[in-house]
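Chemist: TSV, C-alpha atoms, file target.tsv:
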```tsv
chain	number	residue	atom	x	y	z
A	10	MET	CA	1.72	-136.85	-137.53
A	11	MET	CA	0.09	-139.86	-135.99
A	12	LYS	CA	2.54	-142.15	-134.25
A	13	ILE	CA	2.84	-145.71	-135.57
A	14	GLY	CA	1.66	-147.27	-132.31
A	15	THR	CA	-1.35	-144.98	-132.14
A	16	GLY	CA	-2.18	-145.67	-135.76
A	17	PHE	CA	-1.92	-149.41	-135.20
A	18	ARG	CA	-4.25	-149.28	-132.20
A	19	ARG	CA	-6.80	-147.15	-134.04
A	20	PHE	CA	-6.88	-149.26	-137.19
A	21	PHE	CA	-6.31	-152.81	-136.01
A	22	VAL	CA	-7.75	-153.18	-132.51
A	23	PRO	CA	-11.46	-154.05	-132.87
A	24	HIS	CA	-13.92	-151.93	-130.92
A	25	SER	CA	-15.43	-154.99	-129.24
A	26	LEU	CA	-11.99	-155.73	-127.74
A	27	VAL	CA	-11.79	-152.15	-126.43
A	28	THR	CA	-15.21	-152.60	-124.82
A	29	LEU	CA	-14.09	-155.83	-123.14
A	30	TYR	CA	-10.77	-154.27	-122.02
A	31	TYR	CA	-12.44	-151.39	-120.16
A	32	LEU	CA	-15.19	-153.68	-118.83
A	33	PHE	CA	-12.73	-156.10	-117.24
A	34	ARG	CA	-10.00	-153.66	-116.29
A	35	TYR	CA	-12.10	-150.77	-114.95
A	36	ARG	CA	-15.67	-152.16	-114.77
A	37	ALA	CA	-16.65	-149.31	-117.11
A	38	PHE	CA	-18.88	-149.72	-120.16
A	39	VAL	CA	-17.49	-148.28	-123.38
A	40	SER	CA	-19.86	-148.68	-126.30
A	41	PRO	CA	-18.41	-150.70	-129.19
A	42	ARG	CA	-19.51	-147.78	-131.36
A	43	ALA	CA	-17.39	-145.30	-129.39
A	44	GLU	CA	-13.89	-144.39	-130.53
A	45	VAL	CA	-11.72	-145.05	-127.52
A	46	GLU	CA	-8.19	-146.38	-127.65
A	47	ILE	CA	-6.60	-148.83	-125.31
A	48	SER	CA	-4.03	-146.53	-123.72
A	49	PHE	CA	-2.26	-146.42	-120.39
A	50	LEU	CA	-2.91	-142.66	-120.48
A	51	LEU	CA	-6.68	-143.20	-120.28
A	52	THR	CA	-8.34	-144.31	-117.04
A	53	ILE	CA	-12.07	-144.73	-116.62
A	54	GLY	CA	-13.60	-145.22	-113.16
A	55	HIS	CA	-15.87	-148.13	-112.31
A	56	GLY	CA	-19.52	-147.80	-113.29
A	57	SER	CA	-18.83	-145.10	-115.89
A	58	THR	CA	-20.21	-145.30	-119.41
A	59	VAL	CA	-19.02	-143.98	-122.75
A	60	SER	CA	-21.85	-143.88	-125.29
A	61	SER	CA	-21.90	-144.47	-129.02
A	62	TYR	CA	-19.96	-142.16	-131.33
A	63	ALA	CA	-18.10	-140.55	-128.44
A	64	LYS	CA	-14.40	-140.06	-129.10
A	65	ILE	CA	-11.76	-139.90	-126.40
A	66	LYS	CA	-8.24	-138.92	-127.45
A	67	ALA	CA	-5.58	-139.71	-124.89
A	68	SER	CA	-2.55	-140.21	-127.13
A	69	GLU	CA	-0.74	-136.99	-126.08
A	70	GLY	CA	-1.50	-136.78	-122.38
A	71	PRO	CA	-3.49	-138.30	-119.53
A	72	VAL	CA	-7.28	-138.37	-119.52
A	73	ARG	CA	-8.81	-139.49	-116.24
A	74	ILE	CA	-12.53	-140.10	-115.95
A	75	GLY	CA	-13.93	-140.78	-112.47
A	76	ALA	CA	-16.43	-143.36	-111.29
A	77	ARG	CA	-20.10	-143.47	-112.28
A	78	THR	CA	-19.64	-140.74	-114.89
A	79	ASP	CA	-21.67	-140.86	-118.10
A	80	ILE	CA	-20.21	-139.62	-121.37
A	81	GLY	CA	-23.09	-139.03	-123.79
A	82	VAL	CA	-23.57	-139.84	-127.44
A	83	GLY	CA	-21.22	-138.01	-129.80
A	84	CYS	CA	-19.03	-136.37	-127.14
A	85	PHE	CA	-15.45	-135.44	-127.93
A	86	ILE	CA	-12.79	-135.45	-125.23
A	87	GLY	CA	-9.42	-134.39	-126.58
A	88	GLY	CA	-6.54	-134.32	-124.16
A	89	TYR	CA	-3.09	-132.86	-124.66
A	90	THR	CA	0.12	-133.05	-122.64
A	91	THR	CA	-1.32	-131.24	-119.61
A	92	GLY	CA	-4.21	-133.68	-119.36
A	93	ILE	CA	-7.92	-133.77	-118.64
A	94	GLU	CA	-9.49	-134.85	-115.39
A	95	ILE	CA	-13.21	-135.51	-115.03
A	96	GLY	CA	-14.56	-136.32	-111.56
A	97	ASN	CA	-17.04	-138.85	-110.21
A	98	ASP	CA	-20.79	-138.88	-110.86
A	99	CYS	CA	-20.65	-136.43	-113.78
A	100	LEU	CA	-23.33	-136.30	-116.47
A	101	ILE	CA	-21.86	-135.28	-119.80
A	102	SER	CA	-24.77	-134.84	-122.22
A	103	PRO	CA	-24.69	-135.63	-125.95
A	104	ASN	CA	-22.33	-133.74	-128.26
A	105	VAL	CA	-20.33	-132.04	-125.52
A	106	SER	CA	-16.74	-131.17	-126.52
A	107	ILE	CA	-14.04	-131.10	-123.87
A	108	VAL	CA	-10.96	-129.73	-125.57
A	109	GLY	CA	-7.76	-129.53	-123.58
A	110	VAL	CA	-5.68	-127.88	-126.31
A	111	ASN	CA	-5.44	-124.79	-128.51
A	112	TYR	CA	-3.46	-123.89	-131.59
A	113	ARG	CA	-0.84	-121.20	-131.13
A	114	TYR	CA	-1.59	-118.03	-133.07
A	115	ASP	CA	1.11	-115.57	-131.99
A	116	ARG	CA	3.17	-115.78	-135.23
A	117	MET	CA	1.83	-113.94	-138.27
A	118	ASP	CA	4.34	-115.57	-140.64
A	119	MET	CA	3.16	-119.14	-140.01
A	120	THR	CA	-0.08	-121.03	-140.31
A	121	PHE	CA	-1.79	-122.22	-137.16
A	122	ARG	CA	-0.89	-125.78	-138.09
A	123	GLU	CA	2.79	-124.84	-138.42
A	124	GLN	CA	2.75	-123.09	-135.04
A	125	GLY	CA	1.34	-126.22	-133.50
A	126	PRO	CA	-0.82	-126.92	-130.48
A	127	GLU	CA	-0.31	-125.79	-126.90
A	128	SER	CA	-2.10	-126.10	-123.60
A	129	LYS	CA	-2.05	-123.49	-120.83
A	130	GLY	CA	-2.71	-126.09	-118.15
A	131	PRO	CA	-4.83	-129.07	-117.17
A	132	LEU	CA	-8.57	-129.08	-117.80
A	133	ILE	CA	-10.31	-130.14	-114.60
A	134	ILE	CA	-13.97	-131.00	-114.11
A	135	GLY	CA	-15.02	-131.71	-110.51
A	136	ASN	CA	-17.44	-134.25	-109.10
A	137	ASN	CA	-21.18	-134.28	-109.75
A	138	VAL	CA	-21.01	-131.88	-112.69
A	139	TRP	CA	-23.84	-131.84	-115.23
A	140	ILE	CA	-22.90	-130.48	-118.67
A	141	GLY	CA	-25.77	-129.72	-121.05
A	142	ALA	CA	-25.89	-130.97	-124.63
A	143	GLY	CA	-23.69	-129.26	-127.19
A	144	SER	CA	-21.57	-127.37	-124.67
A	145	VAL	CA	-17.85	-126.79	-125.14
A	146	VAL	CA	-15.32	-126.80	-122.30
A	147	LEU	CA	-12.04	-125.18	-123.29
A	148	ASP	CA	-8.39	-125.67	-122.36
A	149	ASN	CA	-7.34	-124.94	-118.78
A	150	ALA	CA	-10.94	-124.64	-117.52
A	151	GLU	CA	-11.43	-125.61	-113.90
A	152	ILE	CA	-15.01	-126.52	-113.07
A	153	GLY	CA	-15.91	-126.96	-109.41
A	154	ASP	CA	-18.06	-129.68	-107.85
A	155	GLY	CA	-21.82	-129.59	-108.32
A	156	VAL	CA	-21.78	-127.25	-111.33
A	157	ILE	CA	-24.56	-127.24	-113.94
A	158	ILE	CA	-23.79	-125.97	-117.45
A	159	ALA	CA	-26.79	-125.12	-119.64
A	160	PRO	CA	-26.88	-126.59	-123.17
A	161	ASN	CA	-24.73	-124.98	-125.88
A	162	SER	CA	-22.60	-123.02	-123.41
A	163	VAL	CA	-18.91	-122.30	-123.98
A	164	VAL	CA	-16.93	-122.57	-120.75
A	165	SER	CA	-13.40	-121.40	-119.97
A	166	GLY	CA	-11.56	-120.32	-116.85
A	167	ARG	CA	-12.44	-121.10	-113.27
A	168	VAL	CA	-16.04	-121.94	-112.33
A	169	PRO	CA	-16.95	-121.97	-108.61
A	170	ALA	CA	-18.61	-125.00	-107.02
A	171	ASN	CA	-22.39	-125.31	-107.39
A	172	ALA	CA	-22.63	-122.58	-110.04
A	173	ILE	CA	-25.21	-122.74	-112.81
A	174	LEU	CA	-23.82	-121.32	-116.06
A	175	GLN	CA	-25.27	-120.37	-119.38
A	176	GLY	CA	-24.16	-118.76	-122.62
A	177	ASN	CA	-21.17	-118.03	-124.82
A	178	PRO	CA	-19.03	-117.07	-123.02
A	179	ALA	CA	-20.76	-118.91	-120.19
A	180	LYS	CA	-21.70	-116.70	-117.26
A	181	THR	CA	-22.85	-117.70	-113.80
A	182	VAL	CA	-26.63	-117.39	-113.55
A	183	PHE	CA	-26.97	-118.73	-110.03
A	184	ILE	CA	-25.06	-120.49	-107.27
A	185	ARG	CA	-26.94	-123.47	-105.81
A	186	ARG	CA	-27.14	-123.60	-102.04
B	29	MET	CA	-46.22	-99.95	-104.76
B	30	GLU	CA	-47.75	-103.23	-103.57
B	31	ASN	CA	-45.54	-106.31	-103.43
B	32	ALA	CA	-47.64	-108.15	-106.03
B	33	GLU	CA	-47.17	-105.27	-108.47
B	34	ARG	CA	-43.42	-105.12	-107.78
B	35	ILE	CA	-43.15	-108.88	-108.37
B	36	ARG	CA	-45.09	-108.58	-111.62
B	37	LEU	CA	-42.73	-105.86	-112.86
B	38	ILE	CA	-39.62	-107.80	-111.79
B	39	VAL	CA	-40.81	-110.91	-113.61
B	40	SER	CA	-41.65	-108.99	-116.78
B	41	ASP	CA	-38.30	-107.17	-116.63
B	42	VAL	CA	-36.27	-110.38	-116.16
B	43	LEU	CA	-38.19	-112.26	-118.85
B	44	GLU	CA	-38.16	-109.22	-121.16
B	45	VAL	CA	-41.89	-109.70	-121.65
B	46	ASP	CA	-44.42	-106.87	-121.88
B	47	ALA	CA	-45.70	-106.18	-118.34
B	48	GLY	CA	-49.26	-106.33	-119.67
B	49	LYS	CA	-48.81	-110.05	-120.43
B	50	ILE	CA	-48.08	-110.85	-116.80
B	51	HIS	CA	-50.89	-110.57	-114.32
B	52	ALA	CA	-51.44	-111.36	-110.65
B	53	GLU	CA	-52.30	-115.02	-111.37
B	54	SER	CA	-49.61	-115.74	-114.00
B	55	HIS	CA	-47.90	-119.12	-113.79
B	56	GLN	CA	-44.64	-120.39	-115.30
B	57	ALA	CA	-46.63	-122.72	-117.54
B	58	ASP	CA	-48.45	-119.75	-119.13
B	59	ILE	CA	-45.31	-117.87	-120.17
B	60	ALA	CA	-42.94	-119.49	-122.67
B	61	GLU	CA	-39.98	-117.32	-121.63
B	62	TRP	CA	-40.24	-118.49	-117.99
B	63	ASP	CA	-37.96	-121.55	-118.25
B	64	SER	CA	-35.81	-123.10	-115.54
B	65	LEU	CA	-32.90	-120.70	-116.11
B	66	ALA	CA	-35.18	-117.67	-116.23
B	67	GLN	CA	-36.60	-118.94	-112.94
B	68	LEU	CA	-33.15	-118.58	-111.37
B	69	ARG	CA	-32.74	-115.07	-112.79
B	70	ILE	CA	-36.13	-114.13	-111.32
B	71	VAL	CA	-35.03	-115.45	-107.93
B	72	THR	CA	-31.77	-113.47	-108.13
B	73	ALA	CA	-33.78	-110.30	-108.92
B	74	LEU	CA	-36.16	-111.02	-106.01
B	75	GLU	CA	-33.19	-111.50	-103.68
B	76	GLN	CA	-31.81	-108.09	-104.69
B	77	GLU	CA	-35.18	-106.34	-104.45
B	78	PHE	CA	-36.54	-107.88	-101.25
B	79	GLY	CA	-33.40	-109.13	-99.47
B	80	VAL	CA	-34.72	-112.71	-99.21
B	81	LYS	CA	-32.70	-115.89	-99.69
B	82	PRO	CA	-34.91	-118.88	-100.57
B	83	THR	CA	-33.53	-122.41	-100.34
B	84	MET	CA	-33.27	-124.56	-103.50
B	85	ARG	CA	-36.42	-126.40	-102.40
B	86	GLU	CA	-38.29	-123.12	-101.99
B	87	ILE	CA	-37.00	-121.88	-105.36
B	88	ALA	CA	-38.50	-124.94	-107.03
B	89	GLU	CA	-41.90	-123.87	-105.65
B	90	LEU	CA	-41.73	-120.25	-106.82
B	91	THR	CA	-43.31	-120.92	-110.19
B	92	SER	CA	-46.13	-118.37	-110.21
B	93	ILE	CA	-46.83	-114.80	-109.15
B	94	PRO	CA	-49.18	-116.00	-106.33
B	95	ALA	CA	-46.52	-118.48	-105.08
B	96	ILE	CA	-43.86	-115.74	-105.04
B	97	THR	CA	-46.26	-113.36	-103.27
B	98	ARG	CA	-47.10	-115.99	-100.63
B	99	TYR	CA	-43.40	-116.77	-100.10
B	100	LEU	CA	-42.49	-113.10	-99.65
B	101	GLU	CA	-45.38	-112.48	-97.27
B	102	ALA	CA	-44.33	-115.50	-95.19
B	103	SER	CA	-40.72	-114.27	-95.18
B	104	PHE	CA	-41.69	-110.77	-94.07
B	105	ALA	CA	-43.95	-112.21	-91.33
B	106	GLN	CA	-41.00	-114.05	-89.75
```
Represent the structure of the file as structure tokens.
Modeler:
Amino acid sequence: MMKIGTGFRRFFVPHSLVTLYYLFRYRAFVSPRAEVEISFLLTIGHGSTVSSYAKIKASEGPVRIGARTDIGVGCFIGGYTTGIEIGNDCLISPNVSIVGVNYRYDRMDMTFREQGPESKGPLIIGNNVWIGAGSVVLDNAEIGDGVIIAPNSVVSGRVPANAILQGNPAKTVFIRR
Amino acid sequence: MENAERIRLIVSDVLEVDAGKIHAESHQADIAEWDSLAQLRIVTALEQEFGVKPTMREIAELTSIPAITRYLEASFAQ
């Protein structure tokens, strides 16, 4: 169930006000066409941009986006209690999903919805990470600095710094040096 | 087997392209399967086969069979 405060912010705070809030508070540009709430759980570093139709959910836990990081058109960033951290100078291409939560599925006598969501740990993306269009980064992933993820990859677990990944599940193709 | 022939077979194997389609003068631009990620897989295969370790700048130049051959010859000469 959506909390009353969250619902109020989503329905009644105009997007232009959200854009101005992040511009003046963080010197970050959030498109008026993006769906981003004004929340103390969301921080966006200076010089970062959030493009049109991107959605950032920070109602359940902290989402921290570093400086000079670009969030592309149509991205979804959904944090949960354990939080999401994205470093500085990252390039998040269009339609990337960063999902810091899973539904529980251990009970056979309940629906997934009834079992509810859970997170195994924080989702961390390092500095200077380039994520290709359409990729999905899953709960508890830890992506090192300088990583490149090829388009449409599905990433989970720990990724070493400077790796280049591709595929579903994403595998390391090369380590930059 | 000559180095050029070994390179040709490595490239065809990595790209999963018929070896007959790759010749001594083949260039990345001529082969659709030879994209930027395939390039890195080719380099990994070359590293395993010849024990070389090109820098990122050198990797960016290894975009044809002649370029790879020249790079390997220069590496072996050192």
Chemist: Tell me which of B:Leu74, B:Ala102, B:Val80, B:Leu68 sits closest to chain A, counting only C-alpha atoms.
Modeler: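 Smallest separation from chain A among the options: B:Leu68.
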Chemist: Env of Asn31 in chain B: 10 Å cut, atoms = all atoms listed in the file, seq-sep filter 6 positions within chain, self excluded. Answer as a PDB file with C-alpha atoms, keeping the file's coordinate frame.
Modeler:
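New file out-v9.pdb:
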```
ATOM      1  CA  LEU B  37     -42.730-105.860-112.860  1.00  0.00           C
ATOM      2  CA  PHE B  78     -36.540-107.880-101.250  1.00  0.00           C
ATOM      3  CA  ILE B  96     -43.860-115.740-105.040  1.00  0.00           C
ATOM      4  CA  THR B  97     -46.260-113.360-103.270  1.00  0.00           C
ATOM      5  CA  LEU B 100     -42.490-113.100 -99.650  1.00  0.00           C
ATOM      6  CA  GLU B 101     -45.380-112.480 -97.270  1.00  0.00           C
TER       7      GLU B 101
END
```
Chemist: Between A:Gly56, A:Gly130, A:Gly155, A:Gly176, which has the minimum distance to Phe38 in chain A (counting all atoms listed in the file)?
Modeler: A:Gly56
Chemist: With 10 Å as the threshold, what does the neighbourhood of (-9.7, -151.3, -118.7) contain in terms of residues, counting all atoms listed in the file? Coordinates are those of the file; answer as a PyMOL selection string.
Modeler: chain A and resi 27-39+47-49+51-55
Chemist: Just C-alpha atoms for this one: save the residues we selected as a PDB file, in the coordinates of the input.
Modeler:
```
ATOM      1  CA  VAL A  27     -11.790-152.150-126.430  1.00  0.00           C
ATOM      2  CA  THR A  28     -15.210-152.600-124.820  1.00  0.00           C
ATOM      3  CA  LEU A  29     -14.090-155.830-123.140  1.00  0.00           C
ATOM      4  CA  TYR A  30     -10.770-154.270-122.020  1.00  0.00           C
ATOM      5  CA  TYR A  31     -12.440-151.390-120.160  1.00  0.00           C
ATOM      6  CA  LEU A  32     -15.190-153.680-118.830  1.00  0.00           C
ATOM      7  CA  PHE A  33     -12.730-156.100-117.240  1.00  0.00           C
ATOM      8  CA  ARG A  34     -10.000-153.660-116.290  1.00  0.00           C
ATOM      9  CA  TYR A  35     -12.100-150.770-114.950  1.00  0.00           C
ATOM     10  CA  ARG A  36     -15.670-152.160-114.770  1.00  0.00           C
ATOM     11  CA  ALA A  37     -16.650-149.310-117.110  1.00  0.00           C
ATOM     12  CA  PHE A  38     -18.880-149.720-120.160  1.00  0.00           C
ATOM     13  CA  VAL A  39     -17.490-148.280-123.380  1.00  0.00           C
ATOM     14  CA  ILE A  47      -6.600-148.830-125.310  1.00  0.00           C
ATOM     15  CA  SER A  48      -4.030-146.530-123.720  1.00  0.00           C
ATOM     16  CA  PHE A  49      -2.260-146.420-120.390  1.00  0.00           C
ATOM     17  CA  LEU A  51      -6.680-143.200-120.280  1.00  0.00           C
ATOM     18  CA  THR A  52      -8.340-144.310-117.040  1.00  0.00           C
ATOM     19  CA  ILE A  53     -12.070-144.730-116.620  1.00  0.00           C
ATOM     20  CA  GLY A  54     -13.600-145.220-113.160  1.00  0.00           C
ATOM     21  CA  HIS A  55     -15.870-148.130-112.310  1.00  0.00           C
TER      22      HIS A  55
END
```
Chemist: With a distance threshold of 7 Å and counting only C-alpha atoms, extract the residues of chain B near chain A and express them as a count of residues only.
Modeler: 4
Chemist: Please write out, as JSON, where the centre of an axis-aligned box around all listed atoms of range 31-45 of chain B lies and how long its edges are, in Å to one decimal, after adding 3 Å on each side.
Modeler:
```
{"center_x": -42.0, "center_y": -108.7, "center_z": -112.5, "size_x": 17.4, "size_y": 13.1, "size_z": 24.2}
```
Chemist: Can you pull out every residue within 7 Å of Val39 in chain B, counting only C-alpha atoms, but drop anything in the same chain fewer than 4 positions away, and send it as a PyMOL selection string?
Modeler: chain B and resi 35+43+70
Chemist: Could you give me, as a PyMOL selection string, the residues within 9 Å of range 10-22 of chain A, counting all atoms listed in the file and dropping anything in the same chain fewer than 2 positions from it?
Modeler: chain A and resi 24-27+44-48+68
Chemist: Produce a file of the selected residues containing C-alpha atoms, as an mmCIF file, in the coordinates of the input.
Modeler:
```cif
data_model
loop_
_atom_site.group_PDB
_atom_site.id
_atom_site.type_symbol
_atom_site.label_atom_id
_atom_site.label_comp_id
_atom_site.auth_asym_id
_atom_site.auth_seq_id
_atom_site.Cartn_x
_atom_site.Cartn_y
_atom_site.Cartn_z
ATOM 1 C CA HIS A 24 -13.920 -151.930 -130.920
ATOM 2 C CA SER A 25 -15.430 -154.990 -129.240
ATOM 3 C CA LEU A 26 -11.990 -155.730 -127.740
ATOM 4 C CA VAL A 27 -11.790 -152.150 -126.430
ATOM 5 C CA GLU A 44 -13.890 -144.390 -130.530
ATOM 6 C CA VAL A 45 -11.720 -145.050 -127.520
ATOM 7 C CA GLU A 46 -8.190 -146.380 -127.650
ATOM 8 C CA ILE A 47 -6.600 -148.830 -125.310
ATOM 9 C CA SER A 48 -4.030 -146.530 -123.720
ATOM 10 C CA SER A 68 -2.550 -140.210 -127.130
#
```
Chemist: Please measure the separation of CA of Arg77 in chain A and CA of Ala88 in chain B, giving the value in Å to one decimal.
Modeler: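 If I compute the distance from CA of Arg77 in chain A to CA of Ala88 in chain B, I get 26.6 Å.
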Chemist: Grab the CA of Lys66 in chain A to CA of Gly87 in chain A distance for me, in Å with one decimal place.
Modeler: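 One can read the CA of Lys66 in chain A to CA of Gly87 in chain A distance as 4.8 Å.
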Chemist: Could you add N, CA and C atoms to range 68-97 of chain B and give me the result as a CSV table (one decimal), in the coordinates of the input?
Modeler:
```csv
chain,number,residue,atom,x,y,z
B,68,LEU,N,-34.3,-118.9,-112.3
B,68,LEU,CA,-33.2,-118.6,-111.4
B,68,LEU,C,-32.8,-117.1,-111.5
B,69,ARG,N,-33.0,-116.5,-112.7
B,69,ARG,CA,-32.7,-115.1,-112.8
B,69,ARG,C,-33.8,-114.3,-112.0
B,70,ILE,N,-35.1,-114.8,-112.1
B,70,ILE,CA,-36.1,-114.1,-111.3
B,70,ILE,C,-35.8,-114.2,-109.8
B,71,VAL,N,-35.3,-115.3,-109.4
B,71,VAL,CA,-35.0,-115.4,-107.9
B,71,VAL,C,-33.9,-114.5,-107.5
B,72,THR,N,-32.9,-114.4,-108.4
B,72,THR,CA,-31.8,-113.5,-108.1
B,72,THR,C,-32.3,-112.0,-108.0
B,73,ALA,N,-33.2,-111.7,-108.9
B,73,ALA,CA,-33.8,-110.3,-108.9
B,73,ALA,C,-34.6,-110.1,-107.7
B,74,LEU,N,-35.4,-111.1,-107.2
B,74,LEU,CA,-36.2,-111.0,-106.0
B,74,LEU,C,-35.3,-110.9,-104.8
B,75,GLU,N,-34.1,-111.6,-104.8
B,75,GLU,CA,-33.2,-111.5,-103.7
B,75,GLU,C,-32.7,-110.1,-103.6
B,76,GLN,N,-32.4,-109.5,-104.7
B,76,GLN,CA,-31.8,-108.1,-104.7
B,76,GLN,C,-32.9,-107.1,-104.3
B,77,GLU,N,-34.1,-107.3,-104.7
B,77,GLU,CA,-35.2,-106.3,-104.4
B,77,GLU,C,-35.7,-106.4,-103.0
B,78,PHE,N,-35.9,-107.7,-102.5
B,78,PHE,CA,-36.5,-107.9,-101.2
B,78,PHE,C,-35.6,-108.4,-100.1
B,79,GLY,N,-34.4,-108.7,-100.5
B,79,GLY,CA,-33.4,-109.1,-99.5
B,79,GLY,C,-33.7,-110.5,-98.9
B,80,VAL,N,-34.4,-111.3,-99.7
B,80,VAL,CA,-34.7,-112.7,-99.2
B,80,VAL,C,-33.7,-113.7,-99.8
B,81,LYS,N,-33.6,-114.9,-99.2
B,81,LYS,CA,-32.7,-115.9,-99.7
B,81,LYS,C,-33.4,-117.3,-99.6
B,82,PRO,N,-34.2,-117.6,-100.6
B,82,PRO,CA,-34.9,-118.9,-100.6
B,82,PRO,C,-34.0,-120.1,-100.8
B,83,THR,N,-34.3,-121.2,-100.2
B,83,THR,CA,-33.5,-122.4,-100.3
B,83,THR,C,-33.8,-123.0,-101.7
B,84,MET,N,-33.0,-123.9,-102.2
B,84,MET,CA,-33.3,-124.6,-103.5
B,84,MET,C,-34.7,-125.2,-103.6
B,85,ARG,N,-35.1,-125.8,-102.4
B,85,ARG,CA,-36.4,-126.4,-102.4
B,85,ARG,C,-37.5,-125.3,-102.5
B,86,GLU,N,-37.3,-124.2,-101.9
B,86,GLU,CA,-38.3,-123.1,-102.0
B,86,GLU,C,-38.3,-122.5,-103.4
B,87,ILE,N,-37.1,-122.4,-104.0
B,87,ILE,CA,-37.0,-121.9,-105.4
B,87,ILE,C,-37.8,-122.7,-106.3
B,88,ALA,N,-37.8,-124.0,-106.1
B,88,ALA,CA,-38.5,-124.9,-107.0
B,88,ALA,C,-40.0,-124.7,-106.9
B,89,GLU,N,-40.5,-124.1,-105.8
B,89,GLU,CA,-41.9,-123.9,-105.6
B,89,GLU,C,-42.3,-122.5,-106.2
B,90,LEU,N,-41.4,-121.6,-106.4
B,90,LEU,CA,-41.7,-120.2,-106.8
B,90,LEU,C,-42.0,-120.1,-108.3
B,91,THR,N,-43.0,-120.8,-108.7
B,91,THR,CA,-43.3,-120.9,-110.2
B,91,THR,C,-44.5,-120.1,-110.6
B,92,SER,N,-45.0,-119.2,-109.8
B,92,SER,CA,-46.1,-118.4,-110.2
B,92,SER,C,-46.1,-117.1,-109.4
B,93,ILE,N,-46.8,-116.1,-109.9
B,93,ILE,CA,-46.8,-114.8,-109.2
B,93,ILE,C,-47.5,-115.0,-107.8
B,94,PRO,N,-48.6,-115.8,-107.7
B,94,PRO,CA,-49.2,-116.0,-106.3
B,94,PRO,C,-48.2,-116.7,-105.4
B,95,ALA,N,-47.5,-117.7,-105.9
B,95,ALA,CA,-46.5,-118.5,-105.1
B,95,ALA,C,-45.4,-117.6,-104.6
B,96,ILE,N,-44.9,-116.7,-105.5
B,96,ILE,CA,-43.9,-115.7,-105.0
B,96,ILE,C,-44.4,-114.8,-104.0
B,97,THR,N,-45.6,-114.3,-104.2
B,97,THR,CA,-46.3,-113.4,-103.3
B,97,THR,C,-46.4,-114.0,-101.9
```
